[in-house]
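Asker: Take this structure, written in structure tokens, and hold onto it; I'll ask about it next.
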Amino acid sequence: MLSSLFSLLAQEAPTLEDLKKQIDLDSLVLLEVYYFYTVVVMWLIHVGFMAYEAGVSRRKNLMSTAMKNILTIAVVTPTFYYFGWYIYGCFEEGWPKSGHDSPDAFPGFCGLTAPWSSGLGPNMESNLTGHLSLVFFLAFLLFSWTTGSIMSGAVIERIRLSAYLLLTVTLGSVVWIMDAAWGWSSGGWLTTRYGFHDSIASLVVHGVAGAFAFGVLLNLGPRIGKYDVLGRARSFRPHNTHMTLMGLMLIFTGFYGFYAACLFIQSTIFPGWLNIYLSPTTLGAIAMVITIGFAGGFTGGWFASKGDPFWTLSGGLAGVISVSAGADVYHPSLAYLLATSGGMLAVWSGGYIEKKLRVDDAVGAVAVHGVCGFYGVFLVGIFAGGYPTGINNIPVSFGGQLMGMMAFLPLAFLPGYILSWILKKFNLLRVPPEVELEGLDLAEFGQDFYPEFERVPEIIITPDGQEVDSADILLEAYAATNGKPTTRVEA
Amino acid sequence: MFDTFPYDEWGDTVTDFWTWGPANSTGTYILTVLGCILMVGSLIGWVWLEKQKLERQAAALRASGAFDQPAQTGSQTMGPGA
């Protein structure tokens, strides 16, 4: 080895061809390292979702809540590998075509997304032009986990773990990646024909997951005791608010990885940073928008909720989601203003969903992700109209954005609604009411996960704001169900 | 530059090596099918096992009469309100 090193040092000056090879290799290594670390940072999103949801849950549902987030990884990873990635590669035109003749920038990409292809194997020659890098697949996989985690929080404390897993496979490995193929790829039909622009996935990840979750919630029904006989909403106290707030801060940190992974860099092929549609942007631009988006979202959430800590932090998330679609083109001041409005919108729509629609979304996921995801794409149609999107340079337009919204709403809502309806018919969607009252942890795991702490009465907040012992209220609500799962409360 | 080391030779050998064969080969198809069987089997297993567990627990709770009367505040059982 030492002699080889000396002979290397003693050799002649490298030729231009040698240098080109070296630059190509360095560029490839940079690409892989970049996406690898976006994946590492994005893990924090899932750590955060787990802590956030576990903290929101009551003590008796702590582990069953966390286990959903953990097993999301166990089911979405293989399903995304075996068919999810193929959907992204081959459904850009809505349906696979022989030879994949849609106008994409990566000819042959479809063939490299099958699980037995060289693109998804241990190929040492990986590069974006020939063999797609596995690390790029992994970045998309983390987006898939995120969609599952978004739905996860909405359905806690009464859904069966197995039902959630089936639903999250459908959302994470079919629904969201189908819409990504259509409107979040260089060759997607919404992009190449209508100039649909959603650069950091306001709609394709958040909005779609929120709409899917809404469909599930309609069949799942509220938690026992959530609504009184008049249909007024009660509130359950989170068992650990610190854990919830820390979870949200971890999600925010992970979002920087999420944003970064939405960009594209391969210096020997492209001139610089590109968005998912291969239009130029910069890492600085999107990092600025996300940061000021949090600022605006916190501000909007705080004022709209009159200082409620949960909604202040959720407002930050809503603010960022509201500006993500145009994060590659927005001026920071515009992003600040729009994110503030997004934070407010999340609070108001969350209240409407809970109190008027009487849909029990335990963490406000439909409002924060669903409503603000659609809102973000809507805003791009207004504030970034005319911006040339994608390899066909189709100008962004309000009509194009509307087309995307109209395509994705049924694509997301219907599978969530239909699959959860089927599961409900087979009595596989919701835990038995006795188990729900006792707490899912004892049934699922046979233990209380705070064994050293004294058990205190569970508190419920009545519609008029009083904190009372929940036992009688829950038993009364249980009796009203006649031992059957609860349904939506009619006024 | 790399000619000094037998890099290309190593690279070719390593690139050619796939566990159970290269892309689009019988071995890779078999691995894919086995993986799919595990994936589907585990999903079915989760549904089935949880169903057994929940039904058993619900039946036990009904039989115990735990929810027939209002629970006592501060009760040491893990009933509603715990």
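Residues in the structure tokens are numbered from 1 in each chain, the chains being A, B, ... in the order shown, and ligands are numbered from 1 in the order shown.
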Env of segment 32-35 of chain B: 9 Å cut, atoms = only C-alpha atoms, seq-sep filter 3 positions within chain, self excluded. Answer as an MDAnalysis selection string.

Answerer: (chainID A and resid 78 82 115:116) or (chainID B and resid 27:29 38:40)

Asker: Would you output that residue set with N, CA, C and O atoms, as a PDB file, in the first residue's frame?

Answerer:
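Below you can see selection28.pdb, which holds the result:
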```pdb
ATOM      1  N   PRO A  78     -40.791  -0.667   3.663  1.00  0.00           N
ATOM      2  CA  PRO A  78     -40.843  -1.718   2.634  1.00  0.00           C
ATOM      3  C   PRO A  78     -41.865  -1.456   1.544  1.00  0.00           C
ATOM      4  O   PRO A  78     -41.613  -1.736   0.370  1.00  0.00           O
ATOM      5  N   TYR A  82     -41.070  -1.331  -2.357  1.00  0.00           N
ATOM      6  CA  TYR A  82     -41.570  -2.322  -3.316  1.00  0.00           C
ATOM      7  C   TYR A  82     -42.526  -1.733  -4.344  1.00  0.00           C
ATOM      8  O   TYR A  82     -42.623  -2.236  -5.449  1.00  0.00           O
ATOM      9  N   PRO A 115     -38.157  -2.429  -7.787  1.00  0.00           N
ATOM     10  CA  PRO A 115     -37.290  -2.915  -6.709  1.00  0.00           C
ATOM     11  C   PRO A 115     -36.195  -3.880  -7.157  1.00  0.00           C
ATOM     12  O   PRO A 115     -35.219  -4.068  -6.440  1.00  0.00           O
ATOM     13  N   TRP A 116     -36.351  -4.475  -8.317  1.00  0.00           N
ATOM     14  CA  TRP A 116     -35.314  -5.394  -8.794  1.00  0.00           C
ATOM     15  C   TRP A 116     -34.346  -4.713  -9.762  1.00  0.00           C
ATOM     16  O   TRP A 116     -33.484  -5.340 -10.325  1.00  0.00           O
TER      17      TRP A 116
ATOM     18  N   GLY B  27     -32.274 -14.344  -9.177  1.00  0.00           N
ATOM     19  CA  GLY B  27     -31.982 -14.217  -7.750  1.00  0.00           C
ATOM     20  C   GLY B  27     -32.596 -12.966  -7.152  1.00  0.00           C
ATOM     21  O   GLY B  27     -33.173 -12.989  -6.058  1.00  0.00           O
ATOM     22  N   THR B  28     -32.502 -11.860  -7.885  1.00  0.00           N
ATOM     23  CA  THR B  28     -33.072 -10.605  -7.377  1.00  0.00           C
ATOM     24  C   THR B  28     -34.595 -10.671  -7.361  1.00  0.00           C
ATOM     25  O   THR B  28     -35.233 -10.160  -6.440  1.00  0.00           O
ATOM     26  N   TYR B  29     -35.169 -11.322  -8.350  1.00  0.00           N
ATOM     27  CA  TYR B  29     -36.630 -11.483  -8.349  1.00  0.00           C
ATOM     28  C   TYR B  29     -37.075 -12.301  -7.137  1.00  0.00           C
ATOM     29  O   TYR B  29     -38.073 -11.987  -6.481  1.00  0.00           O
ATOM     30  N   LEU B  38     -42.973 -11.122   3.204  1.00  0.00           N
ATOM     31  CA  LEU B  38     -42.779 -10.654   4.582  1.00  0.00           C
ATOM     32  C   LEU B  38     -43.596  -9.392   4.837  1.00  0.00           C
ATOM     33  O   LEU B  38     -44.243  -9.247   5.885  1.00  0.00           O
ATOM     34  N   MET B  39     -43.579  -8.489   3.877  1.00  0.00           N
ATOM     35  CA  MET B  39     -44.294  -7.214   4.022  1.00  0.00           C
ATOM     36  C   MET B  39     -45.802  -7.451   4.198  1.00  0.00           C
ATOM     37  O   MET B  39     -46.419  -6.938   5.140  1.00  0.00           O
ATOM     38  N   VAL B  40     -46.368  -8.244   3.323  1.00  0.00           N
ATOM     39  CA  VAL B  40     -47.812  -8.505   3.387  1.00  0.00           C
ATOM     40  C   VAL B  40     -48.151  -9.335   4.633  1.00  0.00           C
ATOM     41  O   VAL B  40     -49.116  -9.046   5.353  1.00  0.00           O
TER      42      VAL B  40
END
```

Asker: If we count only C-alpha atoms, what is near segment 361-371 of chain A at a cut-off of 9 Å, once residues fewer than 4 positions away on the same chain are taken out, given as a PyMOL selection string?

Answerer: chain A and resi 52-53+56-57+150-157+202-203+205-214+217+222-223+236+311+314-315+317-319+321-322+342-343+345-351+353-354+375-376

Asker: Just how far from atom CA of Trp43 of chain A is atom CA of Ile251 of chain A, in Å to one decimal?

Answerer: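 Atom CA of Ile251 of chain A sits 9.0 Å away from atom CA of Trp43 of chain A.
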
Asker: Could you give me, as a compact mmCIF listing (two decimals) with all heavy atoms, in the first residue's frame, the residues within 10 Å of Cys36 of chain B, counting only C-alpha atoms and dropping anything in the same chain fewer than 5 positions from it?

Answerer:
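The file below, result_9.txt, is the result:
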```txt
# COMPACT_ATOMS: atom_id res chain seq x y z
N PRO A 78 -40.79 -0.67 3.66
CA PRO A 78 -40.84 -1.72 2.63
C PRO A 78 -41.87 -1.46 1.54
O PRO A 78 -41.61 -1.74 0.37
CB PRO A 78 -41.19 -2.99 3.42
CG PRO A 78 -41.77 -2.53 4.71
CD PRO A 78 -41.15 -1.20 4.99
N THR A 79 -43.01 -0.92 1.91
CA THR A 79 -44.03 -0.69 0.87
C THR A 79 -43.58 0.38 -0.11
O THR A 79 -43.83 0.29 -1.31
CB THR A 79 -45.39 -0.32 1.49
OG1 THR A 79 -45.21 0.78 2.39
CG2 THR A 79 -45.99 -1.48 2.24
N TYR A 81 -40.52 0.97 -0.83
CA TYR A 81 -39.46 0.34 -1.63
C TYR A 81 -40.05 -0.56 -2.72
O TYR A 81 -39.62 -0.51 -3.87
CB TYR A 81 -38.55 -0.48 -0.71
CG TYR A 81 -37.44 -1.20 -1.44
CD1 TYR A 81 -36.28 -0.53 -1.83
CD2 TYR A 81 -37.55 -2.55 -1.74
CE1 TYR A 81 -35.27 -1.19 -2.50
CE2 TYR A 81 -36.54 -3.22 -2.41
CZ TYR A 81 -35.40 -2.53 -2.79
OH TYR A 81 -34.41 -3.19 -3.46
N TYR A 82 -41.07 -1.33 -2.36
CA TYR A 82 -41.57 -2.32 -3.32
C TYR A 82 -42.53 -1.73 -4.34
O TYR A 82 -42.62 -2.24 -5.45
CB TYR A 82 -42.23 -3.50 -2.57
CG TYR A 82 -41.21 -4.39 -1.91
CD1 TYR A 82 -41.21 -4.62 -0.55
CD2 TYR A 82 -40.19 -4.97 -2.68
CE1 TYR A 82 -40.25 -5.41 0.05
CE2 TYR A 82 -39.22 -5.76 -2.09
CZ TYR A 82 -39.26 -5.98 -0.73
OH TYR A 82 -38.30 -6.75 -0.15
N PHE A 83 -43.28 -0.69 -4.01
CA PHE A 83 -44.14 -0.12 -5.05
C PHE A 83 -44.27 1.40 -5.02
O PHE A 83 -44.63 1.98 -6.02
CB PHE A 83 -45.53 -0.78 -5.05
CG PHE A 83 -46.26 -0.78 -3.74
CD1 PHE A 83 -46.94 0.35 -3.30
CD2 PHE A 83 -46.28 -1.90 -2.93
CE1 PHE A 83 -47.63 0.35 -2.10
CE2 PHE A 83 -46.97 -1.91 -1.72
CZ PHE A 83 -47.64 -0.78 -1.31
N ILE B 30 -36.32 -13.36 -6.85
CA ILE B 30 -36.68 -14.21 -5.69
C ILE B 30 -36.61 -13.41 -4.40
O ILE B 30 -37.51 -13.45 -3.56
CB ILE B 30 -35.76 -15.45 -5.62
CG1 ILE B 30 -36.05 -16.40 -6.79
CG2 ILE B 30 -35.93 -16.18 -4.29
CD1 ILE B 30 -35.07 -17.54 -6.94
N LEU B 31 -35.54 -12.62 -4.25
CA LEU B 31 -35.41 -11.79 -3.04
C LEU B 31 -36.57 -10.81 -2.93
O LEU B 31 -37.11 -10.57 -1.84
CB LEU B 31 -34.09 -11.00 -3.08
CG LEU B 31 -32.84 -11.71 -2.61
CD1 LEU B 31 -31.65 -10.75 -2.70
CD2 LEU B 31 -32.99 -12.17 -1.16
N GLY B 41 -47.31 -10.35 4.90
CA GLY B 41 -47.55 -11.20 6.06
C GLY B 41 -47.53 -10.42 7.37
O GLY B 41 -48.35 -10.66 8.26
N SER B 42 -46.61 -9.48 7.47
CA SER B 42 -46.52 -8.71 8.72
C SER B 42 -47.74 -7.82 8.89
O SER B 42 -48.26 -7.66 10.00
CB SER B 42 -45.23 -7.89 8.76
OG SER B 42 -45.20 -6.95 7.71
```

Asker: My list of candidates is A:Lys356, A:Arg59, A:Arg232, A:His197. Which is closest to chain B when distances are computed with only C-alpha atoms?

Answerer: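 Nearest candidate to chain B out of A:Lys356, A:Arg59, A:Arg232, A:His197: A:Arg59.
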
Asker: What's the 12 Å shell around Leu138 of chain A, counting only C-alpha atoms, without same-chain residues fewer than 2 positions away, as JSON, numbers by chain?

Answerer: {"A": [32, 34, 35, 36, 37, 38, 39, 40, 42, 43, 73, 76, 77, 78, 80, 81, 84, 85, 120, 132, 133, 134, 135, 136, 140, 141, 142, 143, 144, 145, 258, 261]}

Asker: Compute the chain A side of the contact with chain B at 6 Å, counting only C-alpha atoms, and hand it back as a list in words.

Answerer: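 In the required form, that comes to Leu8, Asp18, Trp116, Ser117, Ser118, Asn123, Met124, Ser162, Glu434, Val435, Leu437, Glu438, Ala443, Val456, Pro457, Glu458, Ser470, Ala471 and Asp472 of chain A.
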
Asker: Please produce an output containing C-alpha atoms for each residue in the selection, written as a PDB file, in the first residue's frame.

Answerer:
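File selection-v7.pdb, as written:
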```pdb
ATOM      1  CA  LEU A   8       0.991   7.960  -6.926  1.00  0.00           C
ATOM      2  CA  ASP A  18      -8.235  12.756 -15.054  1.00  0.00           C
ATOM      3  CA  TRP A 116     -35.314  -5.394  -8.794  1.00  0.00           C
ATOM      4  CA  SER A 117     -33.678  -2.702 -10.947  1.00  0.00           C
ATOM      5  CA  SER A 118     -30.097  -1.496 -10.733  1.00  0.00           C
ATOM      6  CA  ASN A 123     -24.803  -0.327  -7.371  1.00  0.00           C
ATOM      7  CA  MET A 124     -21.392   1.246  -7.063  1.00  0.00           C
ATOM      8  CA  SER A 162     -53.216  -2.148  12.782  1.00  0.00           C
ATOM      9  CA  GLU A 434     -64.136  -0.567  27.053  1.00  0.00           C
ATOM     10  CA  VAL A 435     -60.522  -0.579  25.947  1.00  0.00           C
ATOM     11  CA  LEU A 437     -61.996   3.981  28.452  1.00  0.00           C
ATOM     12  CA  GLU A 438     -59.441   1.897  30.253  1.00  0.00           C
ATOM     13  CA  ALA A 443     -54.764  -3.698  26.327  1.00  0.00           C
ATOM     14  CA  VAL A 456     -54.327  10.907  39.652  1.00  0.00           C
ATOM     15  CA  PRO A 457     -57.859  11.427  38.360  1.00  0.00           C
ATOM     16  CA  GLU A 458     -58.083  12.306  34.705  1.00  0.00           C
ATOM     17  CA  SER A 470     -63.663  12.986  33.781  1.00  0.00           C
ATOM     18  CA  ALA A 471     -64.820   9.632  35.223  1.00  0.00           C
ATOM     19  CA  ASP A 472     -68.539  10.293  35.383  1.00  0.00           C
TER      20      ASP A 472
END
```

Asker: Could you state the separation of atom CA of Ile269 of chain A and atom CA of Leu31 of chain A in Å, given to one decimal place?

Answerer: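 Result for atom CA of Ile269 of chain A versus atom CA of Leu31 of chain A: 11.5 Å, one decimal.
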
Asker: Report the residues of segment 57-270 of chain A whose backbone DSSP state falls under strand (DSSP E or B), written as number ranges by chain.

Answerer: A: 159, 227, 233, 235-236, 264

Asker: Take the residues just selected and output them with C-alpha atoms as a JSON list (two decimals), in the first residue's frame.

Answerer:
```json
[["chain", "number", "residue", "atom", "x", "y", "z"],
["A", 159, "ILE", "CA", -57.80, 3.98, 16.42],
["A", 227, "TYR", "CA", -68.74, 16.05, 22.83],
["A", 233, "ALA", "CA", -66.73, 20.17, 22.47],
["A", 235, "SER", "CA", -61.08, 19.15, 25.82],
["A", 236, "PHE", "CA", -58.80, 16.43, 27.13],
["A", 264, "PHE", "CA", -31.58, 19.36, -6.31]]
```

Asker: What does the distance between atom CA of Gly94 of chain A and atom CA of Trp189 of chain A come to in Å, to one decimal place?

Answerer: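 One can read the atom CA of Gly94 of chain A to atom CA of Trp189 of chain A distance as 7.2 Å.
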
Asker: If you count only C-alpha atoms, which residues fall within 7 Å of Val320 of chain A, apart from same-chain ones fewer than 5 positions away, as a list in words?

Answerer: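 Selected residues are Ile290, Gly293, Phe294, Gly297 and Ala339 of chain A.
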
Asker: Can those selected residues be exported to a file as a compact mmCIF listing (two decimals), in the first residue's frame so that it contains C-alpha atoms?

Answerer:
```txt
# COMPACT_ATOMS: atom_id res chain seq x y z
CA ILE A 290 -38.70 28.82 6.39
CA GLY A 293 -42.22 31.63 8.03
CA PHE A 294 -41.88 30.30 11.56
CA GLY A 297 -46.66 31.64 11.95
CA ALA A 339 -47.07 32.97 7.13
```

Asker: Which neighbours of Ile87 of chain A fall inside 8 Å, counting only C-alpha atoms, when residues of the same chain fewer than 3 positions from it are skipped, and could you give them as a list in words?

Answerer: Phe83, Gly84, Cys90, Phe91, Val174, Ile177, Met178 and Ala181 of chain A

Asker: For the residues selected in the previous step, produce a file with all heavy atoms as a short mmCIF file (atom, residue, chain, number, x, y, z; two decimals), in the first residue's frame.

Answerer:
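Output (out02.cif):
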```cif
data_model
loop_
_atom_site.label_atom_id
_atom_site.label_comp_id
_atom_site.auth_asym_id
_atom_site.auth_seq_id
_atom_site.Cartn_x
_atom_site.Cartn_y
_atom_site.Cartn_z
N PHE A 83 -43.28 -0.69 -4.01
CA PHE A 83 -44.14 -0.12 -5.05
C PHE A 83 -44.27 1.40 -5.02
O PHE A 83 -44.63 1.98 -6.02
CB PHE A 83 -45.53 -0.78 -5.05
CG PHE A 83 -46.26 -0.78 -3.74
CD1 PHE A 83 -46.94 0.35 -3.30
CD2 PHE A 83 -46.28 -1.90 -2.93
CE1 PHE A 83 -47.63 0.35 -2.10
CE2 PHE A 83 -46.97 -1.91 -1.72
CZ PHE A 83 -47.64 -0.78 -1.31
N GLY A 84 -43.97 2.04 -3.90
CA GLY A 84 -44.14 3.49 -3.83
C GLY A 84 -43.23 4.25 -4.78
O GLY A 84 -43.65 5.15 -5.52
N CYS A 90 -43.02 6.17 -12.53
CA CYS A 90 -43.74 5.72 -13.73
C CYS A 90 -45.13 6.31 -13.92
O CYS A 90 -45.77 6.04 -14.93
CB CYS A 90 -43.85 4.20 -13.71
SG CYS A 90 -42.25 3.38 -13.63
N PHE A 91 -45.61 7.11 -12.98
CA PHE A 91 -46.98 7.62 -13.09
C PHE A 91 -47.02 9.12 -13.34
O PHE A 91 -48.02 9.77 -13.04
CB PHE A 91 -47.79 7.28 -11.82
CG PHE A 91 -48.23 5.85 -11.76
CD1 PHE A 91 -47.31 4.82 -11.60
CD2 PHE A 91 -49.57 5.50 -11.85
CE1 PHE A 91 -47.70 3.50 -11.53
CE2 PHE A 91 -49.98 4.18 -11.79
CZ PHE A 91 -49.05 3.17 -11.63
N VAL A 174 -48.77 5.14 -1.54
CA VAL A 174 -49.59 5.21 -2.76
C VAL A 174 -50.07 6.63 -3.02
O VAL A 174 -49.70 7.26 -4.02
CB VAL A 174 -50.82 4.27 -2.68
CG1 VAL A 174 -51.63 4.36 -3.97
CG2 VAL A 174 -50.40 2.83 -2.43
N ILE A 177 -47.42 9.73 -3.01
CA ILE A 177 -46.38 9.61 -4.03
C ILE A 177 -47.00 9.67 -5.44
O ILE A 177 -46.34 10.07 -6.39
CB ILE A 177 -45.54 8.33 -3.80
CG1 ILE A 177 -44.21 8.39 -4.56
CG2 ILE A 177 -46.31 7.07 -4.14
CD1 ILE A 177 -43.29 9.48 -4.09
N MET A 178 -48.27 9.29 -5.52
CA MET A 178 -48.98 9.48 -6.79
C MET A 178 -49.12 10.97 -7.09
O MET A 178 -48.87 11.43 -8.22
CB MET A 178 -50.37 8.82 -6.72
CG MET A 178 -51.18 8.95 -7.99
SD MET A 178 -50.62 7.84 -9.26
CE MET A 178 -51.50 6.35 -8.76
N ALA A 181 -45.87 12.36 -8.17
CA ALA A 181 -45.56 12.06 -9.57
C ALA A 181 -46.28 13.03 -10.51
O ALA A 181 -45.72 13.49 -11.50
CB ALA A 181 -45.96 10.62 -9.89
#
```

Asker: Extract the full set of alpha helix (DSSP H) residues from segment 165-311 of chain A according to DSSP on the backbone, and format it as a VMD selection string.

Answerer: chain A and resid 165 to 170 176 to 183 189 to 194 208 to 220 241 to 261 283 to 304 309 to 311
